[in-house]
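Below is one structure, written out as structure tokens; comments come after it.
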Amino acid sequence: MRAVPRAPRIEGRGLLTLLLIGAVGLSALSVPWGGDLVHPGGGSAVGSIVKALARVELSPEFLRITAYAAWTTLRFAVAGVTLALAIGLPLGVVASGVLTRSGGRKTASIVVARFVLALLRSIHELVWAWLFVVAIGLSPMAVILALALPYAGILGRVFADALIDVPEEPLRALRSAGASEIKLLVYGRLTIALPDMLGYGFYRFECAIRSAAIFSFVGVQGLGYQIQLSLDDLLWNEVWTLLIALAALVLLVDAWSSQVRRRLVS
Amino acid sequence: MIAIRERRPATRPGLVRVSAIGFGLLAVLAWGQVLAGGDSGAGDLFRGDTWTRAGEFAGELLGLGAEGESAFVDGALWQNAIGLSVETLAMSVLAAGIAGAAALVSFLPAARNVAYGELGGSRRAVGVPGYMVLRLLFAFTRGVPELVWALIIVFVFSPGVLAGALALAVHNYGILGKLAAEVVENMDTRPARALRGAGANNFQMVLYGVLPQALPHLLTYLLYRWEVIIRTTVVVGFVAAGGLGREFRLQMSYLHYDEVALLLICYLALVIGVDLVSAGLRRLAR
């Protein structure tokens, strides 16, 4: 079997593997092994969690609560993503630098827009949410903004790259027909890049459901909130129902978005 | 699920259009409900005192108007924050390691072409039950976010680095497992078939026919996930009480906003650092 040709640059990969294993080993040192890593009641907690799976809460009343919580989570996700698109698209256009011809102003606007996008997406949406709740008070709008900002940061960068990657030939044709930069953007770049951009937007929609569910941590309604309520009362059978509902909602949107992407992305 | 999806006719006219209209309707409905609720907070955004308060908060983050010494010039606070950053980094690496190792040992049976025996040329579908169980496990662990896993895991494990790393690992295991299984499903099966034809056993076929193609992809995905994990480690730390997240939560509740800002600076440095290192390492993986 030695004769099987090895892939090129196996050294790089071997080095990388060693590096990664070393890093994980080093990280494991920061765990205080031994002692009380597991709760005294941890074993019995596992027992009751597993047992509860056999009697998942399925009463019509609780299913109604679950369905309403799922809709609340979906509502925040949809609102957040639409706002993220509204913020991310113009920022992405500026960050791509396709509207300005060249020179110092072009470089400056690209650098500033890319920096803003990077800052927006570097901070997790829940950290944004907490900061917003303190700054402007707890309200649906504060949470939607918190979801929209980091998502706008991600969408903006992806949109910028998609606009830059548009093939040159159709643009040249438009340019020689006398199209202005704005028309070039609308009829050329945006039209060509739209499938990729929509596809990625739909993918972020799936992520937004999970993000919306954890905003319960700052006190917002939804599936996460119900999970916390049931956890407080140690009602594991209800926790299972809610977890399954959350996973199902995510998978449903995942299936939808991957169907859409399959048709959009070449 | 995947199997059913792929057997559908490839062209379903209008799905994109229907989806776009459907999402548009959802958006109208969602925004309608948000704004119709009297306490949406949208009106507050256009009131002066909201922004006065937000401005005051921004000032407190920057340490303006705080009595006593600002947190930014306090060496002990910096030392503490840097120590917590190292702990956060360790948590993220440990999480990525656990998730990667778990995905590595379970992604093969989760690939459809392996489960149905197509990869090896034998048509016996002995691995189908295992395939279904694993795909269900991937879907469930992936569908539940890290923070919710953390809420559950602290019932079993004591709060700390390990509990946080496990919560992050569970969610990322589902993602990595699915991605790695899809790599095997979409890869070039000719090397594996050729090895099988030359009389290789299962182990040899996987070692020389499958892993050389699949592992670089898995490594790349793992590094990408690490960039996401480091951002989320802070959030999981709120619950699992490890690293920067624990201190962030504490200082938020003490209203020590300049210390919060200091922690945010460390967080940003960590995120940017991990992005750079990951990009460098990804080049090695190629």
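Labels for the structure tokens follow display order: chains A, B, ..., residues from 1 in each chain, ligands from 1.
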Q) If you count only C-alpha atoms, which residues fall within 6 Å of range 181-184 of chain B, apart from same-chain ones fewer than 3 positions away, as JSON, numbers by chain? A) {"B": [107, 110, 111, 178, 187]}
Please report, as JSON lines, each residue of chain A lying at most 6 Å from chain B, together with the nearest pair of atoms and the separation in Å rounded to one decimal; use only C-alpha atoms, and order rows by chain and ascending residue number.
```
{"residue": "A:Gly12", "atom": "CA", "partner": "B:Leu284", "partner_atom": "CA", "distance": 5.0}
{"residue": "A:Arg13", "atom": "CA", "partner": "B:Ala285", "partner_atom": "CA", "distance": 5.2}
{"residue": "A:Val24", "atom": "CA", "partner": "B:Leu94", "partner_atom": "CA", "distance": 5.3}
{"residue": "A:Ser27", "atom": "CA", "partner": "B:Ala90", "partner_atom": "CA", "distance": 4.4}
{"residue": "A:Leu37", "atom": "CA", "partner": "B:Ser158", "partner_atom": "CA", "distance": 5.3}
{"residue": "A:Val38", "atom": "CA", "partner": "B:Phe157", "partner_atom": "CA", "distance": 4.2}
{"residue": "A:His39", "atom": "CA", "partner": "B:Ser158", "partner_atom": "CA", "distance": 5.4}
{"residue": "A:Gly42", "atom": "CA", "partner": "B:Val156", "partner_atom": "CA", "distance": 4.0}
{"residue": "A:Arg75", "atom": "CA", "partner": "B:Ala30", "partner_atom": "CA", "distance": 4.8}
{"residue": "A:Val78", "atom": "CA", "partner": "B:Ala27", "partner_atom": "CA", "distance": 5.8}
{"residue": "A:Ala79", "atom": "CA", "partner": "B:Trp31", "partner_atom": "CA", "distance": 5.9}
{"residue": "A:His124", "atom": "CA", "partner": "B:Arg231", "partner_atom": "CA", "distance": 5.9}
{"residue": "A:Ala135", "atom": "CA", "partner": "B:Ala54", "partner_atom": "CA", "distance": 4.4}
{"residue": "A:Ile136", "atom": "CA", "partner": "B:Thr50", "partner_atom": "CA", "distance": 5.7}
{"residue": "A:Ser139", "atom": "CA", "partner": "B:Gly41", "partner_atom": "CA", "distance": 5.1}
{"residue": "A:Pro140", "atom": "CA", "partner": "B:Ser40", "partner_atom": "CA", "distance": 5.2}
{"residue": "A:Met141", "atom": "CA", "partner": "B:Gly41", "partner_atom": "CA", "distance": 5.2}
{"residue": "A:Arg210", "atom": "CA", "partner": "B:Pro145", "partner_atom": "CA", "distance": 5.7}
{"residue": "A:Ala247", "atom": "CA", "partner": "B:Gly143", "partner_atom": "CA", "distance": 4.1}
{"residue": "A:Val250", "atom": "CA", "partner": "B:Gly143", "partner_atom": "CA", "distance": 5.6}
{"residue": "A:Val260", "atom": "CA", "partner": "B:Val16", "partner_atom": "CA", "distance": 5.7}
```
Q.
For the structure I just gave you, how does DSSP split range 29-220 of chain B - specifically, which residues are helix (DSSP H, G or I)? Reply as an MDAnalysis selection string.
A. chainID B and resid 29:36 43:46 48:61 71:73 75:106 112:115 128:143 146:153 161:186 190:197 202:220
